[in-house]
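Colleague: Just so it is clear, I am handing over protein_15.csv, which has CSV, C-alpha atoms.
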```
chain,number,residue,atom,x,y,z
A,1,ASP,CA,128.6,-130.0,-101.7
A,2,LEU,CA,131.8,-131.4,-103.3
A,3,PRO,CA,132.1,-132.0,-107.0
A,4,ALA,CA,131.6,-135.6,-108.0
A,5,PRO,CA,133.0,-136.3,-111.5
A,6,SER,CA,132.7,-139.9,-112.6
A,7,SER,CA,136.5,-140.5,-112.2
A,8,LEU,CA,136.4,-139.8,-108.5
A,9,LEU,CA,135.6,-142.3,-105.7
A,10,PRO,CA,131.9,-142.1,-104.7
A,11,ARG,CA,130.9,-142.2,-101.0
A,12,ARG,CA,129.4,-145.7,-101.4
A,13,ARG,CA,132.8,-147.0,-102.5
A,14,LEU,CA,134.5,-145.4,-99.5
A,15,ALA,CA,132.0,-147.1,-97.2
A,16,ALA,CA,132.5,-150.4,-99.0
A,17,LEU,CA,136.3,-150.1,-98.7
A,18,LEU,CA,136.0,-149.4,-94.9
A,19,ALA,CA,133.8,-152.5,-94.6
A,20,LEU,CA,136.2,-154.6,-96.7
A,21,ALA,CA,139.2,-153.4,-94.6
A,22,GLY,CA,137.3,-154.4,-91.4
A,23,LEU,CA,136.4,-157.9,-92.8
A,24,LEU,CA,139.9,-158.5,-94.1
A,25,GLY,CA,141.3,-157.4,-90.7
A,26,LEU,CA,139.4,-160.3,-89.2
A,27,ALA,CA,141.2,-162.6,-91.6
A,28,ALA,CA,144.7,-161.6,-90.4
A,29,CYS,CA,146.8,-160.7,-93.5
A,30,SER,CA,147.9,-157.1,-94.4
A,31,PRO,CA,144.3,-156.0,-95.2
A,32,LEU,CA,144.8,-152.3,-95.4
A,33,ARG,CA,148.0,-152.7,-97.5
A,34,ILE,CA,145.9,-154.6,-100.0
A,35,VAL,CA,143.2,-151.8,-100.1
A,36,ASN,CA,145.9,-149.1,-100.3
A,37,GLY,CA,147.6,-151.0,-103.1
A,38,LEU,CA,144.4,-150.4,-105.2
A,39,THR,CA,144.3,-146.7,-104.3
A,40,PRO,CA,145.5,-144.1,-106.8
A,41,ASN,CA,148.5,-141.9,-106.0
A,42,ASP,CA,148.0,-139.1,-108.4
A,43,SER,CA,145.0,-137.3,-106.9
A,44,PHE,CA,146.7,-135.8,-103.8
A,45,SER,CA,149.9,-134.6,-102.3
A,46,LEU,CA,151.0,-136.1,-98.9
A,47,ASP,CA,152.6,-134.3,-96.0
A,48,ALA,CA,153.4,-137.1,-93.6
A,49,GLY,CA,154.4,-137.1,-89.9
A,50,ARG,CA,153.5,-133.6,-88.8
A,51,ALA,CA,153.5,-133.2,-85.0
A,52,TYR,CA,150.4,-132.0,-83.3
A,53,GLY,CA,151.8,-132.6,-79.8
A,54,PRO,CA,155.0,-133.8,-78.1
A,55,GLU,CA,154.3,-137.5,-77.8
A,56,ALA,CA,155.5,-140.1,-80.3
A,57,ARG,CA,151.9,-141.0,-81.3
A,58,GLN,CA,150.8,-137.4,-81.7
A,59,ARG,CA,151.6,-137.2,-85.4
A,60,LEU,CA,149.3,-136.7,-88.4
A,61,ASP,CA,149.3,-137.0,-92.2
A,62,ILE,CA,147.8,-134.4,-94.5
A,63,TYR,CA,146.3,-135.2,-97.9
A,64,THR,CA,145.9,-132.1,-100.1
A,65,PRO,CA,144.0,-132.1,-103.4
A,66,LYS,CA,146.1,-131.6,-106.5
A,67,PRO,CA,146.0,-128.1,-108.1
A,68,GLY,CA,143.0,-127.6,-110.2
A,69,THR,CA,140.8,-129.8,-108.0
A,70,LEU,CA,137.5,-128.1,-107.0
A,71,PRO,CA,136.7,-126.4,-104.7
A,72,PRO,CA,139.7,-124.0,-105.0
A,73,ALA,CA,142.2,-123.5,-102.2
A,74,GLY,CA,140.7,-121.4,-99.5
A,75,GLN,CA,137.2,-122.8,-100.0
A,76,ARG,CA,137.9,-126.4,-99.4
A,77,PRO,CA,136.5,-128.3,-96.4
A,78,LEU,CA,138.9,-129.9,-94.0
A,79,VAL,CA,138.2,-133.4,-92.7
A,80,VAL,CA,139.9,-134.8,-89.6
A,81,PHE,CA,139.6,-138.6,-89.8
A,82,PHE,CA,140.1,-141.0,-86.9
A,83,TYR,CA,140.5,-144.7,-87.7
A,84,GLY,CA,139.2,-147.6,-85.6
A,85,GLY,CA,140.9,-150.5,-83.8
A,86,THR,CA,139.1,-150.9,-80.5
A,87,TRP,CA,141.3,-148.1,-79.1
A,88,SER,CA,144.2,-150.6,-79.1
A,89,SER,CA,145.6,-150.7,-82.6
A,90,GLY,CA,145.9,-148.7,-85.8
A,91,GLU,CA,148.4,-146.6,-87.8
A,92,ARG,CA,147.6,-143.5,-89.8
A,93,ALA,CA,149.6,-144.7,-92.8
A,94,ASP,CA,147.2,-147.5,-93.3
A,95,TYR,CA,144.4,-145.1,-94.2
A,96,LYS,CA,145.7,-143.7,-97.4
A,97,PHE,CA,142.5,-145.0,-99.1
A,98,VAL,CA,140.4,-142.6,-96.9
A,99,GLY,CA,142.7,-139.7,-97.6
A,100,GLU,CA,142.6,-140.3,-101.3
A,101,ALA,CA,138.9,-140.8,-101.4
A,102,LEU,CA,138.2,-137.4,-99.8
A,103,ALA,CA,141.1,-135.4,-101.2
A,104,SER,CA,140.2,-136.5,-104.8
A,105,ARG,CA,136.8,-134.8,-104.1
A,106,GLY,CA,138.3,-131.6,-103.0
A,107,ALA,CA,138.8,-131.9,-99.3
A,108,VAL,CA,141.9,-131.4,-97.3
A,109,VAL,CA,142.2,-134.5,-95.1
A,110,VAL,CA,144.1,-134.9,-91.8
A,111,VAL,CA,144.6,-138.4,-90.5
A,112,PRO,CA,146.1,-138.5,-86.9
A,113,ASP,CA,147.5,-141.2,-84.8
A,114,TYR,CA,146.6,-141.2,-81.2
A,115,ARG,CA,147.8,-143.0,-78.1
A,116,LEU,CA,146.4,-146.5,-77.6
A,117,SER,CA,145.4,-148.9,-74.9
A,118,PRO,CA,146.8,-150.6,-72.9
A,119,GLN,CA,149.5,-148.0,-72.7
A,120,VAL,CA,146.8,-145.4,-71.9
A,121,ARG,CA,143.2,-145.5,-70.8
A,122,TYR,CA,140.1,-143.3,-71.4
A,123,PRO,CA,140.1,-140.3,-71.7
A,124,VAL,CA,143.7,-140.0,-73.1
A,125,PHE,CA,142.8,-141.1,-76.6
A,126,VAL,CA,139.9,-138.5,-76.6
A,127,GLN,CA,142.3,-135.8,-75.4
A,128,ASP,CA,144.7,-136.7,-78.2
A,129,SER,CA,141.8,-136.5,-80.7
A,130,ALA,CA,140.8,-133.1,-79.4
A,131,LEU,CA,144.4,-131.9,-79.7
A,132,ALA,CA,144.6,-133.1,-83.3
A,133,VAL,CA,141.3,-131.3,-84.1
A,134,LYS,CA,142.5,-128.1,-82.4
A,135,TRP,CA,145.6,-128.3,-84.6
A,136,ALA,CA,143.5,-128.6,-87.7
A,137,LEU,CA,141.3,-125.7,-86.7
A,138,ASP,CA,144.4,-123.6,-86.1
A,139,HIS,CA,146.1,-124.6,-89.4
A,140,ALA,CA,143.1,-124.9,-91.7
A,141,ALA,CA,143.7,-121.7,-93.6
A,142,ALA,CA,147.5,-122.4,-94.0
A,143,LEU,CA,146.5,-125.8,-95.5
A,144,GLY,CA,144.3,-124.2,-98.1
A,145,ALA,CA,141.0,-125.0,-96.3
A,146,ASP,CA,138.2,-122.8,-95.1
A,147,PRO,CA,138.4,-122.6,-91.3
A,148,ALA,CA,134.6,-122.4,-91.1
A,149,ARG,CA,134.3,-125.8,-92.8
A,150,VAL,CA,136.2,-128.2,-90.5
A,151,TYR,CA,134.6,-131.6,-90.1
A,152,VAL,CA,135.5,-134.4,-87.7
A,153,MET,CA,135.0,-137.9,-89.0
A,154,GLY,CA,135.7,-141.4,-87.6
A,155,HIS,CA,135.1,-145.1,-88.2
A,156,SER,CA,134.3,-147.6,-85.5
A,157,SER,CA,136.2,-146.7,-82.3
A,158,GLY,CA,137.5,-143.7,-84.2
A,159,GLY,CA,133.9,-142.7,-84.7
A,160,TYR,CA,133.6,-142.7,-80.9
A,161,ASN,CA,136.6,-140.3,-80.7
A,162,ALA,CA,135.1,-138.0,-83.3
A,163,ALA,CA,131.7,-138.1,-81.5
A,164,MET,CA,133.2,-137.2,-78.2
A,165,VAL,CA,135.2,-134.2,-79.7
A,166,ALA,CA,132.1,-133.0,-81.5
A,167,LEU,CA,129.5,-133.5,-78.7
A,168,ASP,CA,131.3,-133.2,-75.4
A,169,GLY,CA,132.7,-129.6,-75.1
A,170,ARG,CA,135.1,-130.5,-72.3
A,171,TRP,CA,137.8,-131.8,-74.6
A,172,LEU,CA,138.1,-128.9,-77.1
A,173,GLY,CA,137.2,-126.5,-74.3
A,174,ALA,CA,140.3,-127.5,-72.3
A,175,LEU,CA,142.4,-126.4,-75.3
A,176,GLY,CA,140.6,-123.0,-75.7
A,177,ALA,CA,138.4,-124.1,-78.6
A,178,SER,CA,134.8,-125.3,-78.9
A,179,PRO,CA,132.7,-127.8,-80.9
A,180,ARG,CA,130.8,-124.8,-82.2
A,181,GLN,CA,133.8,-124.2,-84.5
A,182,LEU,CA,133.1,-127.5,-86.3
A,183,ALA,CA,131.0,-127.5,-89.4
A,184,GLY,CA,129.9,-131.1,-88.7
A,185,TRP,CA,130.6,-134.6,-87.4
A,186,ILE,CA,130.6,-137.8,-89.5
A,187,GLY,CA,130.3,-141.1,-87.7
A,188,LEU,CA,130.7,-144.4,-89.5
A,189,ALA,CA,129.7,-147.5,-87.5
A,190,GLY,CA,130.8,-145.9,-84.2
A,191,PRO,CA,129.9,-147.0,-80.7
A,192,TYR,CA,128.0,-144.2,-79.0
A,193,ASP,CA,126.2,-145.9,-76.1
A,194,PHE,CA,127.9,-149.2,-75.1
A,195,LEU,CA,127.6,-149.6,-71.3
A,196,PRO,CA,127.9,-152.2,-69.9
A,197,ILE,CA,131.2,-153.0,-71.8
A,198,GLU,CA,131.5,-156.6,-73.0
A,199,ASN,CA,134.4,-156.4,-75.5
A,200,PRO,CA,137.6,-157.4,-73.6
A,201,GLN,CA,139.8,-154.8,-75.3
A,202,ALA,CA,137.3,-152.0,-74.7
A,203,GLN,CA,137.1,-153.1,-71.1
A,204,VAL,CA,140.8,-152.4,-70.7
A,205,ALA,CA,140.6,-149.1,-72.7
A,206,PHE,CA,137.8,-147.8,-70.5
A,207,ASN,CA,138.9,-149.3,-67.2
A,208,TRP,CA,135.7,-151.3,-66.8
A,209,PRO,CA,133.8,-151.5,-64.5
A,210,ASP,CA,135.0,-148.1,-63.3
A,211,THR,CA,133.8,-146.4,-66.5
A,212,PRO,CA,132.1,-143.0,-66.0
A,213,THR,CA,128.7,-142.7,-67.6
A,214,ASP,CA,129.7,-139.4,-69.2
A,215,SER,CA,132.2,-141.4,-71.3
A,216,GLN,CA,129.2,-142.2,-73.6
A,217,PRO,CA,128.6,-139.9,-76.6
A,218,LEU,CA,124.8,-140.3,-76.3
A,219,VAL,CA,124.9,-138.6,-72.9
A,220,HIS,CA,126.1,-135.4,-74.6
A,221,ALA,CA,123.7,-135.4,-77.6
A,222,ARG,CA,121.5,-132.3,-77.6
A,223,ALA,CA,118.8,-131.0,-80.0
```
Would you mind writing the structure in this file as structure tokens?

Modeller:
Amino acid sequence: DLPAPSSLLPRRRLAALLALAGLLGLAACSPLRIVNGLTPNDSFSLDAGRAYGPEARQRLDIYTPKPGTLPPAGQRPLVVFFYGGTWSSGERADYKFVGEALASRGAVVVVPDYRLSPQVRYPVFVQDSALAVKWALDHAAALGADPARVYVMGHSSGGYNAAMVALDGRWLGALGASPRQLAGWIGLAGPYDFLPIENPQAQVAFNWPDTPTDSQPLVHARA
């Protein structure tokens, strides 16, 4: 329900950029830097490096639509976006193109970092994701968003993080919040049912073969 003037990035282009970033990532260079270099800078304001917890990786960037962008402040959706990287790589600054794509259409966008494998294992990156979403829920109004319109979104392994926060009430519940406070979950090419684990990096992240079955988002899906 966001306005879509022709000058703004359509959803298909965002999906194409995410796919391009993934393909370039396989090629080795600075893929996201290339994509971000093509991204406009005049459609948002950036508040970078806000802390949502005490750890070094518990930081987030906030993309706010420029004044005059619809919907007006107070009625804007807030989207918390988690990037992918097999739970072992990624930096929030590399996802300016996502922040711009959504902010230019009127959403407040929060892009958090979270702790990565092999320094941590499941469920630490899910716990960090829930803490970032709890921060967003608590600060939505102050950021000019509607607290009743908070969405969690992720791509690839970040789609997994988003799914677990949205579907498994343990993680927000431990923080005094609930998935019922979310307006929706947006998953892009996420792994939601991947046992047995074959990817070597994911095996480390999930301590395979000692991976609990309730680590799978599909287990928590309900009508």

Colleague: Nearest residue to Ala205 (chain A) out of A:Gly173, A:Gly99, A:Gly85, A:Pro147, using all atoms listed in the file?

Modeller: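 Residue with the minimum atom-to-atom distance to Ala205 (chain A): A:Gly85.
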
Colleague: Measuring between only C-alpha atoms, which one of A:Pro191, A:Gly53, A:Pro65, A:Gly144 shows the shortest distance to Ala162 (chain A)?

Modeller: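 Closest to Ala162 (chain A), using only C-alpha atoms: A:Pro191.
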
Colleague: Looking at all atoms listed in the file, which of A:Ala221, A:Ala177, A:Leu38, A:Val120 is the one that sits closest to Val204 (chain A)?

Modeller: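 With all atoms listed in the file as the atom set, the closest residue is A:Val120.
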
Colleague: Separation of CA of Asp128 (chain A) and CA of Gly187 (chain A), in Å?

Modeller: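 CA of Gly187 (chain A) lies at a distance of 17.8 Å from CA of Asp128 (chain A).
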
Colleague: Any idea what the distance is between CA of Pro196 (chain A) and CA of Trp208 (chain A)?

Modeller: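 It comes out at 8.4 Å.
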
Colleague: Taking into account all atoms listed in the file, which residue in the set A:Phe44, A:Pro123, A:Arg115, A:Ala132 is nearest to Leu102 (chain A)?

Modeller: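 Under the stated criterion, the closest residue is A:Phe44.
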
Colleague: Could you jot down the CA of Val35 (chain A) to CA of Phe81 (chain A) separation for me, Å, one decimal place?

Modeller: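 Atom-to-atom, CA of Val35 (chain A) and CA of Phe81 (chain A) are spaced 17.1 Å apart.
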